[in-house]
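Asker: One structure, as structure tokens, below. Some questions next.
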Amino acid sequence: TLKTNIEFQHQNVMDASWSDANILFINVASFVAHSWHELCEKLIAHPASTIITCSKPLPKEHFDIQTTQVQCSWGVVPAYIHRRKNFSDV
């Protein structure tokens, strides 16, 4: 039997805890400069094997990245599907 457990969190992403998440989806369009760097570090350190972001990719040295597009309320934006290159590095 396939078990599916999806949780939506609407909160400050820097305060969120994803300790048991396998897949993360985050719209990162509004992150710039220091806040973007801080979020990248948090996501790189997280053990999720797949991270999906809209608008910006994470550093490619840590992930294999596929690109697609998604329709948002403000228009079509790029979406990046990141699969961790070396899971043991976390």
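How things are named: the first chain in the structure tokens is A, the next is B, and so on; residues count from 1 in each chain; ligands count from 1 in the order shown.
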Taking 2 positions as the minimum chain separation for residues in the same chain, which residues sit within 7 Å of Ile52 in chain A when counting only C-alpha atoms? Answer as an MDAnalysis selection string.

Answerer: chainID A and resid 24:26 50 54 79:82

Asker: Show me, as a PyMOL selection string, the residues that have an atom within 12 Å of range 58-66 of chain A when counting only C-alpha atoms, minus same-chain residues fewer than 6 positions from it.

Answerer: chain A and resi 26-28+31+36-52+78-90

Asker: Based on the backbone DSSP call, show me all residues of chain A assigned helix (DSSP H, G or I), as an mmCIF file with N, CA and C atoms, in the first residue's frame.

Answerer:
```
data_model
loop_
_atom_site.group_PDB
_atom_site.id
_atom_site.type_symbol
_atom_site.label_atom_id
_atom_site.label_comp_id
_atom_site.auth_asym_id
_atom_site.auth_seq_id
_atom_site.Cartn_x
_atom_site.Cartn_y
_atom_site.Cartn_z
ATOM 1 N N ALA A 33 19.564 38.530 -2.553
ATOM 2 C CA ALA A 33 20.788 38.834 -1.794
ATOM 3 C C ALA A 33 20.938 37.927 -0.566
ATOM 4 N N HIS A 34 21.031 38.525 0.610
ATOM 5 C CA HIS A 34 21.315 37.772 1.835
ATOM 6 C C HIS A 34 20.240 36.718 2.131
ATOM 7 N N SER A 35 18.961 37.073 1.950
ATOM 8 C CA SER A 35 17.898 36.110 2.266
ATOM 9 C C SER A 35 17.949 34.908 1.315
ATOM 10 N N TRP A 36 18.308 35.132 0.032
ATOM 11 C CA TRP A 36 18.433 34.032 -0.918
ATOM 12 C C TRP A 36 19.606 33.130 -0.535
ATOM 13 N N HIS A 37 20.732 33.711 -0.186
ATOM 14 C CA HIS A 37 21.902 32.933 0.227
ATOM 15 C C HIS A 37 21.584 32.107 1.480
ATOM 16 N N GLU A 38 20.926 32.715 2.434
ATOM 17 C CA GLU A 38 20.560 32.027 3.678
ATOM 18 C C GLU A 38 19.618 30.852 3.394
ATOM 19 N N LEU A 39 18.631 31.068 2.528
ATOM 20 C CA LEU A 39 17.701 29.991 2.182
ATOM 21 C C LEU A 39 18.419 28.875 1.426
ATOM 22 N N CYS A 40 19.306 29.224 0.505
ATOM 23 C CA CYS A 40 20.077 28.206 -0.219
ATOM 24 C C CYS A 40 20.849 27.326 0.753
ATOM 25 N N GLU A 41 21.502 27.934 1.718
ATOM 26 C CA GLU A 41 22.272 27.173 2.710
ATOM 27 C C GLU A 41 21.363 26.230 3.498
ATOM 28 N N LYS A 42 20.185 26.702 3.875
ATOM 29 C CA LYS A 42 19.241 25.857 4.618
ATOM 30 C C LYS A 42 18.778 24.672 3.766
ATOM 31 N N LEU A 43 18.480 24.926 2.492
ATOM 32 C CA LEU A 43 18.011 23.858 1.609
ATOM 33 C C LEU A 43 19.126 22.871 1.262
ATOM 34 N N ILE A 44 20.337 23.360 1.070
ATOM 35 C CA ILE A 44 21.472 22.476 0.798
ATOM 36 C C ILE A 44 21.717 21.550 1.988
ATOM 37 N N ALA A 45 21.571 22.078 3.182
ATOM 38 C CA ALA A 45 21.807 21.289 4.400
ATOM 39 C C ALA A 45 20.687 20.303 4.704
ATOM 40 N N PHE A 87 23.827 12.254 -1.900
ATOM 41 C CA PHE A 87 23.007 12.301 -0.682
ATOM 42 C C PHE A 87 23.855 12.167 0.578
ATOM 43 N N SER A 88 24.992 11.489 0.499
ATOM 44 C CA SER A 88 25.832 11.273 1.689
ATOM 45 C C SER A 88 26.552 12.545 2.120
ATOM 46 N N ASP A 89 26.541 13.606 1.290
ATOM 47 C CA ASP A 89 27.197 14.856 1.652
ATOM 48 C C ASP A 89 26.408 15.668 2.671
#
```

Asker: Can you list, as a PyMOL selection string, all residues belonging to chain A that DSSP tags as strand (DSSP E or B)?

Answerer: chain A and resi 23-27+50-54+63-72+75-84

Asker: What separation in Å, quoted to one decimal, exists between CA of His10 in chain A and CA of Ser55 in chain A?

Answerer: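 These atoms are spaced 18.5 Å apart.
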
Asker: Quick one: distance from CA of Gln71 in chain A to CA of Ile6 in chain A in Å, one decimal?

Answerer: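 Between CA of Gln71 in chain A and CA of Ile6 in chain A the gap works out to 20.9 Å.
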